[in-house]
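Chemist: Just so it is clear, I am handing over start_1.txt, which has compact mmCIF, C-alpha atoms.
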```
# COMPACT_ATOMS: atom_id res chain seq x y z
CA MET A 18 -21.47 84.39 26.73
CA VAL A 19 -22.03 83.71 30.47
CA PRO A 20 -18.63 83.73 32.22
CA LYS A 21 -17.28 80.64 33.94
CA ILE A 22 -17.27 80.39 37.72
CA ASP A 23 -14.97 77.90 39.45
CA VAL A 24 -15.66 76.70 43.00
CA ILE A 25 -12.43 76.60 45.04
CA ALA A 26 -12.44 74.59 48.26
CA CYS A 27 -10.42 76.21 51.06
CA LEU A 28 -9.66 75.38 54.69
CA SER A 29 -12.08 72.80 56.12
CA ASP A 30 -15.38 74.03 54.68
CA ASN A 31 -14.85 77.44 53.04
CA TYR A 32 -15.29 78.32 49.40
CA ALA A 33 -13.72 81.00 47.25
CA TYR A 34 -14.96 81.59 43.71
CA LEU A 35 -13.07 82.42 40.54
CA LEU A 36 -15.08 84.29 37.91
CA HIS A 37 -13.29 84.40 34.58
CA ASP A 38 -13.99 85.40 31.02
CA GLU A 39 -12.47 83.04 28.47
CA GLU A 40 -12.54 85.64 25.70
CA THR A 41 -10.70 88.46 27.48
CA GLY A 42 -8.86 86.51 30.19
CA ALA A 43 -10.29 88.75 32.91
CA ALA A 44 -10.56 87.11 36.32
CA VAL A 45 -12.07 88.01 39.69
CA VAL A 46 -11.95 86.09 42.98
CA PHE A 47 -14.49 86.37 45.81
CA ASP A 48 -13.05 86.05 49.32
CA ALA A 49 -9.66 84.63 50.23
CA PRO A 50 -9.81 82.00 52.98
CA GLU A 51 -6.32 80.78 52.06
CA ALA A 52 -3.96 81.67 49.25
CA ALA A 53 -2.57 78.36 47.98
CA PRO A 54 -5.66 76.76 46.37
CA ILE A 55 -6.78 80.08 44.92
CA LEU A 56 -3.35 80.80 43.44
CA ALA A 57 -3.29 77.30 41.94
CA ALA A 58 -6.63 77.94 40.23
CA VAL A 59 -5.52 81.36 38.99
CA GLU A 60 -2.22 80.03 37.68
CA GLU A 61 -4.01 77.25 35.84
CA LEU A 62 -5.79 79.98 33.88
CA GLY A 63 -2.57 81.83 33.10
CA GLY A 64 -1.90 83.73 36.32
CA ARG A 65 -4.09 86.78 35.75
CA LEU A 66 -6.22 88.08 38.59
CA ASP A 67 -7.79 91.51 38.12
CA ALA A 68 -9.54 91.90 41.46
CA LEU A 69 -10.22 90.26 44.80
CA LEU A 70 -13.64 91.10 46.26
CA LEU A 71 -14.17 90.64 50.01
CA THR A 72 -17.55 90.12 51.69
CA HIS A 73 -16.57 90.68 55.32
CA HIS A 74 -13.69 90.88 57.77
CA HIS A 75 -13.63 87.41 59.36
CA GLY A 76 -10.26 85.72 59.16
CA ASP A 77 -11.52 82.71 57.23
CA HIS A 78 -12.49 85.08 54.40
CA ILE A 79 -9.45 87.37 54.28
CA GLU A 80 -6.49 85.28 55.48
CA GLY A 81 -5.11 84.76 51.97
CA ALA A 82 -5.77 88.28 50.69
CA ALA A 83 -2.32 89.80 51.24
CA LYS A 84 -0.50 86.96 49.50
CA LEU A 85 -2.94 86.94 46.58
CA VAL A 86 -2.52 90.67 46.04
CA GLU A 87 1.25 90.41 46.36
CA ARG A 88 1.52 87.56 43.88
CA THR A 89 -0.97 88.79 41.29
CA GLY A 90 -1.28 92.55 41.71
CA ALA A 91 -5.04 92.16 42.03
CA LYS A 92 -7.10 95.19 43.03
CA LEU A 93 -8.58 94.68 46.51
CA ILE A 94 -12.23 95.67 46.89
CA GLY A 95 -14.35 95.60 50.02
CA ALA A 96 -16.86 97.43 52.18
CA ALA A 97 -16.16 101.06 53.02
CA ALA A 98 -17.97 100.55 56.32
CA ASP A 99 -15.52 97.81 57.27
CA ALA A 100 -12.34 99.25 55.76
CA HIS A 101 -10.79 99.53 59.24
CA ARG A 102 -11.16 95.75 59.71
CA LEU A 103 -10.11 94.64 56.23
CA PRO A 104 -6.71 94.51 54.55
CA PRO A 105 -5.84 97.85 52.86
CA LEU A 106 -8.41 98.38 50.10
CA ASP A 107 -7.80 99.78 46.64
CA GLN A 108 -11.52 100.44 46.26
CA ALA A 109 -14.05 100.84 49.08
CA VAL A 110 -17.67 100.25 48.08
CA ALA A 111 -21.04 100.82 49.71
CA ASP A 112 -24.63 99.64 49.46
CA GLY A 113 -26.21 100.25 46.07
CA GLU A 114 -22.97 101.06 44.28
CA THR A 115 -22.27 99.48 40.93
CA PHE A 116 -18.80 98.96 39.51
CA SER A 117 -17.03 96.98 36.84
CA VAL A 118 -13.91 94.87 36.66
CA GLY A 119 -13.08 94.28 33.03
CA PRO A 120 -16.22 92.87 31.38
CA PHE A 121 -17.87 92.05 34.71
CA GLY A 122 -20.46 94.31 36.31
CA PHE A 123 -21.38 94.14 40.00
CA ARG A 124 -23.91 95.67 42.36
CA VAL A 125 -23.11 95.93 46.06
CA ILE A 126 -25.81 94.93 48.53
CA ALA A 127 -25.29 95.65 52.23
CA THR A 128 -26.39 92.66 54.31
CA PRO A 129 -25.79 93.36 58.00
CA GLY A 130 -26.55 90.56 60.41
CA HIS A 131 -23.63 88.15 60.43
CA THR A 132 -21.38 91.21 60.80
CA ARG A 133 -22.29 94.89 60.77
CA GLY A 134 -20.35 95.63 57.58
CA HIS A 135 -21.12 92.50 55.56
CA ILE A 136 -21.75 93.05 51.86
CA VAL A 137 -22.57 90.72 48.99
CA TYR A 138 -21.98 91.06 45.26
CA HIS A 139 -24.68 90.59 42.65
CA ALA A 140 -23.41 90.02 39.11
CA PRO A 141 -26.55 90.39 36.95
CA ALA A 142 -24.98 89.44 33.61
CA ALA A 143 -23.45 86.34 35.17
CA ARG A 144 -26.77 85.59 36.93
CA ALA A 145 -24.80 85.10 40.14
CA LEU A 146 -24.87 86.21 43.77
CA PHE A 147 -21.71 85.89 45.87
CA SER A 148 -23.36 85.81 49.28
CA GLY A 149 -20.49 85.29 51.73
CA ASP A 150 -21.83 84.33 55.14
CA THR A 151 -25.23 85.99 54.78
CA LEU A 152 -27.06 83.35 52.74
CA PHE A 153 -26.07 79.68 52.64
CA SER A 154 -27.86 76.90 50.87
CA LEU A 155 -30.68 75.90 53.24
CA GLY A 156 -29.34 78.30 55.87
CA CYS A 157 -28.03 81.73 56.81
CA GLY A 158 -25.16 83.13 58.83
CA ARG A 159 -25.01 83.35 62.60
CA LEU A 160 -25.84 86.71 64.15
CA PHE A 161 -22.44 87.66 65.51
CA GLU A 162 -22.85 91.44 65.31
CA GLY A 163 -26.37 92.16 64.05
CA SER A 164 -29.90 91.47 65.21
CA ALA A 165 -32.51 89.09 63.86
CA ALA A 166 -34.26 92.09 62.33
CA ASP A 167 -31.03 93.10 60.57
CA MET A 168 -30.55 89.65 59.06
CA TRP A 169 -34.20 89.21 58.11
CA ASP A 170 -34.14 92.53 56.26
CA SER A 171 -30.92 91.46 54.51
CA LEU A 172 -32.42 88.15 53.45
CA LEU A 173 -35.53 89.88 52.12
CA ARG A 174 -33.30 92.00 49.88
CA LEU A 175 -31.64 88.90 48.48
CA ALA A 176 -34.95 87.07 48.09
CA ALA A 177 -36.10 89.85 45.76
CA LEU A 178 -33.36 89.13 43.22
CA PRO A 179 -34.28 87.26 40.02
CA PRO A 180 -35.15 83.64 40.89
CA GLU A 181 -32.73 82.25 38.30
CA THR A 182 -29.82 83.83 40.19
CA ALA A 183 -27.22 81.24 41.21
CA VAL A 184 -26.16 81.58 44.85
CA TYR A 185 -22.48 81.11 45.71
CA PRO A 186 -22.10 81.08 49.52
CA GLY A 187 -18.95 81.19 51.63
CA HIS A 188 -19.20 77.72 53.18
CA GLU A 189 -20.17 74.13 52.53
CA TYR A 190 -22.81 73.91 55.23
CA THR A 191 -25.67 72.49 53.17
CA ALA A 192 -25.81 68.99 54.68
CA SER A 193 -26.06 70.18 58.28
CA ASN A 194 -28.42 72.97 57.26
CA GLY A 195 -30.62 70.39 55.55
CA ARG A 196 -30.80 68.21 58.63
CA PHE A 197 -32.00 71.20 60.65
CA ALA A 198 -34.44 72.33 57.97
CA LEU A 199 -36.17 68.95 58.03
CA THR A 200 -36.84 69.34 61.76
CA VAL A 201 -38.87 72.50 61.18
CA ASP A 202 -40.28 71.75 57.73
CA PRO A 203 -40.63 67.95 57.54
CA ASP A 204 -43.53 67.91 55.09
CA ASN A 205 -41.73 69.96 52.41
CA ALA A 206 -41.27 67.53 49.52
CA VAL A 207 -38.95 69.88 47.63
CA LEU A 208 -36.75 70.15 50.71
CA THR A 209 -36.66 66.38 51.13
CA GLU A 210 -35.58 66.04 47.51
CA ARG A 211 -32.87 68.67 47.96
CA VAL A 212 -31.50 66.98 51.09
CA ALA A 213 -31.25 63.67 49.24
CA GLU A 214 -29.42 65.41 46.41
CA VAL A 215 -27.03 67.03 48.88
CA GLU A 216 -26.26 63.70 50.52
CA ALA A 217 -25.38 62.20 47.14
CA LEU A 218 -23.20 65.16 46.20
CA ARG A 219 -21.27 65.07 49.47
CA ALA A 220 -20.85 61.29 49.25
CA ALA A 221 -19.17 61.92 45.90
CA ALA A 222 -17.04 64.71 47.45
CA ARG A 223 -18.73 67.30 45.23
CA PRO A 224 -19.87 70.80 46.25
CA THR A 225 -23.57 71.38 46.85
CA VAL A 226 -23.39 74.90 45.41
CA PRO A 227 -24.20 76.91 43.44
CA VAL A 228 -27.93 76.58 43.83
CA THR A 229 -30.60 78.79 42.31
CA LEU A 230 -32.39 81.33 44.43
CA LYS A 231 -35.64 79.78 43.18
CA ARG A 232 -34.79 76.49 44.90
CA GLU A 233 -33.71 78.28 48.06
CA LEU A 234 -37.00 80.14 48.23
CA LEU A 235 -38.77 76.77 48.21
CA THR A 236 -36.49 74.97 50.67
CA ASN A 237 -34.53 77.34 52.92
CA PRO A 238 -36.52 77.88 56.13
CA PHE A 239 -34.71 81.15 56.84
CA LEU A 240 -36.04 82.61 53.59
CA ARG A 241 -39.51 81.22 54.33
CA ALA A 242 -40.07 82.76 57.75
CA GLY A 243 -43.07 84.58 56.31
CA ASP A 244 -44.85 81.33 55.41
CA PRO A 245 -47.83 80.81 57.79
CA ARG A 246 -47.34 77.04 57.68
CA LEU A 247 -43.82 77.36 59.02
CA ALA A 248 -44.96 79.78 61.70
CA GLU A 249 -47.64 77.30 62.77
CA ARG A 250 -45.07 74.51 62.93
CA LEU A 251 -43.01 76.63 65.34
CA GLY A 252 -46.02 77.54 67.48
CA LEU A 253 -45.92 81.13 66.26
CA SER A 254 -49.10 81.41 64.19
CA GLY A 255 -49.96 85.00 63.45
CA ARG A 256 -46.64 86.34 64.66
CA PRO A 257 -44.52 88.66 62.47
CA ALA A 258 -42.09 86.98 60.10
CA VAL A 259 -39.11 88.49 61.90
CA GLU A 260 -40.14 86.70 65.10
CA VAL A 261 -40.39 83.42 63.21
CA PHE A 262 -36.96 84.07 61.74
CA ALA A 263 -35.51 84.82 65.19
CA GLU A 264 -36.90 81.55 66.53
CA LEU A 265 -35.46 79.62 63.59
CA ARG A 266 -32.05 81.20 64.18
CA ARG A 267 -32.24 80.47 67.91
CA ARG A 268 -33.02 76.81 67.26
CA LYS A 269 -30.31 76.47 64.65
CA ASP A 270 -27.74 77.94 67.02
CA THR A 271 -28.25 75.01 69.42
CA PHE A 272 -28.93 72.31 66.80
CA ARG A 273 -26.66 69.28 66.87
```
As structure tokens, how would this structure be written, given the file I've shared?
Modeler:
Amino acid sequence: MVPKIDVIACLSDNYAYLLHDEETGAAVVFDAPEAAPILAAVEELGGRLDALLLTHHHGDHIEGAAKLVERTGAKLIGAAADAHRLPPLDQAVADGETFSVGPFGFRVIATPGHTRGHIVYHAPAARALFSGDTLFSLGCGRLFEGSAADMWDSLLRLAALPPETAVYPGHEYTASNGRFALTVDPDNAVLTERVAEVEALRAAARPTVPVTLKRELLTNPFLRAGDPRLAERLGLSGRPAVEVFAELRRRKDTFR
């Protein structure tokens, strides 16, 4: 049985995710923007939380961690490389490591770019990727600490995952990402369809995620920087994909 994953809205546009197994009662949360909505979701399932997995050190992803751990006794897991910037970890993990929490298995993928120590969690059995601020639907994270080459390499690693993987990002940025994507890829019919879907979902106050990696590979310009048609659109025909990616990121940073 594929476990259930609840989307928990936090702060103004953050998401946390609650992965739980109905048979065993095991539960895992990804990131902790604020404690109250996450605790409410956990308590609705009986109050059990086995582990809290952190993707990176930014305050809007860890602010609720201490209270969640205090209230539930959850094991706190995060990047060894960023342990000095995270709340005290019970388990520090690194790129390529695999570990289990109850019935759930995870693989750690280092994705520097947004921050130096950013990691994401791939749950193969759940067919899910908890991508933090590395990969958003129709977008990617800003380059606060890493280079364009860092982020492009990170995105290539995620793009190689099975296409049926469901992507669970850290923010609800899809509508604004879609508006930008249409400026650089206006003839992409699949993108146009996705943007219309996103508008309808947001009008109904519903989340636009998860979304399959397959759809992102067809619509997310940051994953498609290697497409010659996109390079031509940006006036970068024949240039390396990383240069196309860097230009996309530069334009998105000033997009309004």
Chemist: For A:Leu56, which residue out of A:Leu234, A:Val125, A:Leu70, A:Ala33 is the nearest one, using all atoms listed in the file?
Modeler: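 Distance minimum relative to A:Leu56 lands on A:Ala33.
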Chemist: Quick one: of A:Ala198, A:Leu71, A:Ala192, A:Cys27, who's nearest to A:Leu218, counting all atoms listed in the file?
Modeler: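 Looking only at the distances to A:Leu218, the closest residue turns out to be A:Ala192.
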Chemist: Name the residues in contact with stretch 147-157 of chain A at a cut-off of 8 Å, using all atoms listed in the file, excluding same-chain residues fewer than 3 positions from it; report them as a tab-separated table (two decimals) with C-alpha atoms, keeping the file's coordinate frame.
Modeler:
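Generated output (result06.tsv):
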```tsv
chain	number	residue	atom	x	y	z
A	47	PHE	CA	-14.49	86.37	45.81
A	48	ASP	CA	-13.05	86.05	49.32
A	72	THR	CA	-17.55	90.12	51.69
A	73	HIS	CA	-16.57	90.68	55.32
A	128	THR	CA	-26.39	92.66	54.31
A	130	GLY	CA	-26.55	90.56	60.41
A	131	HIS	CA	-23.63	88.15	60.43
A	135	HIS	CA	-21.12	92.50	55.56
A	136	ILE	CA	-21.75	93.05	51.86
A	137	VAL	CA	-22.57	90.72	48.99
A	138	TYR	CA	-21.98	91.06	45.26
A	139	HIS	CA	-24.68	90.59	42.65
A	168	MET	CA	-30.55	89.65	59.06
A	171	SER	CA	-30.92	91.46	54.51
A	172	LEU	CA	-32.42	88.15	53.45
A	184	VAL	CA	-26.16	81.58	44.85
A	185	TYR	CA	-22.48	81.11	45.71
A	186	PRO	CA	-22.10	81.08	49.52
A	187	GLY	CA	-18.95	81.19	51.63
A	188	HIS	CA	-19.20	77.72	53.18
A	190	TYR	CA	-22.81	73.91	55.23
A	191	THR	CA	-25.67	72.49	53.17
A	194	ASN	CA	-28.42	72.97	57.26
A	195	GLY	CA	-30.62	70.39	55.55
A	198	ALA	CA	-34.44	72.33	57.97
A	226	VAL	CA	-23.39	74.90	45.41
A	228	VAL	CA	-27.93	76.58	43.83
A	233	GLU	CA	-33.71	78.28	48.06
A	236	THR	CA	-36.49	74.97	50.67
A	237	ASN	CA	-34.53	77.34	52.92
A	238	PRO	CA	-36.52	77.88	56.13
A	239	PHE	CA	-34.71	81.15	56.84
```
Chemist: Using only C-alpha atoms, determine which residues lie at most 10 Å from A:Arg267, disregarding the query and same-chain residues fewer than 6 positions distant; provide the list as a list in words.
Modeler: Arg159, Leu160, Ala165 and Val261 of chain A
Chemist: Write out, as a compact mmCIF listing (two decimals), keeping the file's coordinate frame, the residues just selected, with C-alpha atoms.
Modeler:
```
# COMPACT_ATOMS: atom_id res chain seq x y z
CA ARG A 159 -25.01 83.35 62.60
CA LEU A 160 -25.84 86.71 64.15
CA ALA A 165 -32.51 89.09 63.86
CA VAL A 261 -40.39 83.42 63.21
```
Chemist: Go ahead and compute the interatomic distance for atom CA of A:Thr229 and atom CA of A:Ala176, in Å to one decimal.
Modeler: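 For atom CA of A:Thr229 relative to atom CA of A:Ala176, the distance reads 11.0 Å.
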Chemist: For A:Pro50, work out the shell of residues within 12 Å, counting only C-alpha atoms and skipping chain neighbours fewer than 4 positions away, then give it as a PyMOL selection string.
Modeler: chain A and resi 25-34+46+54-56+69-85+149+187-188
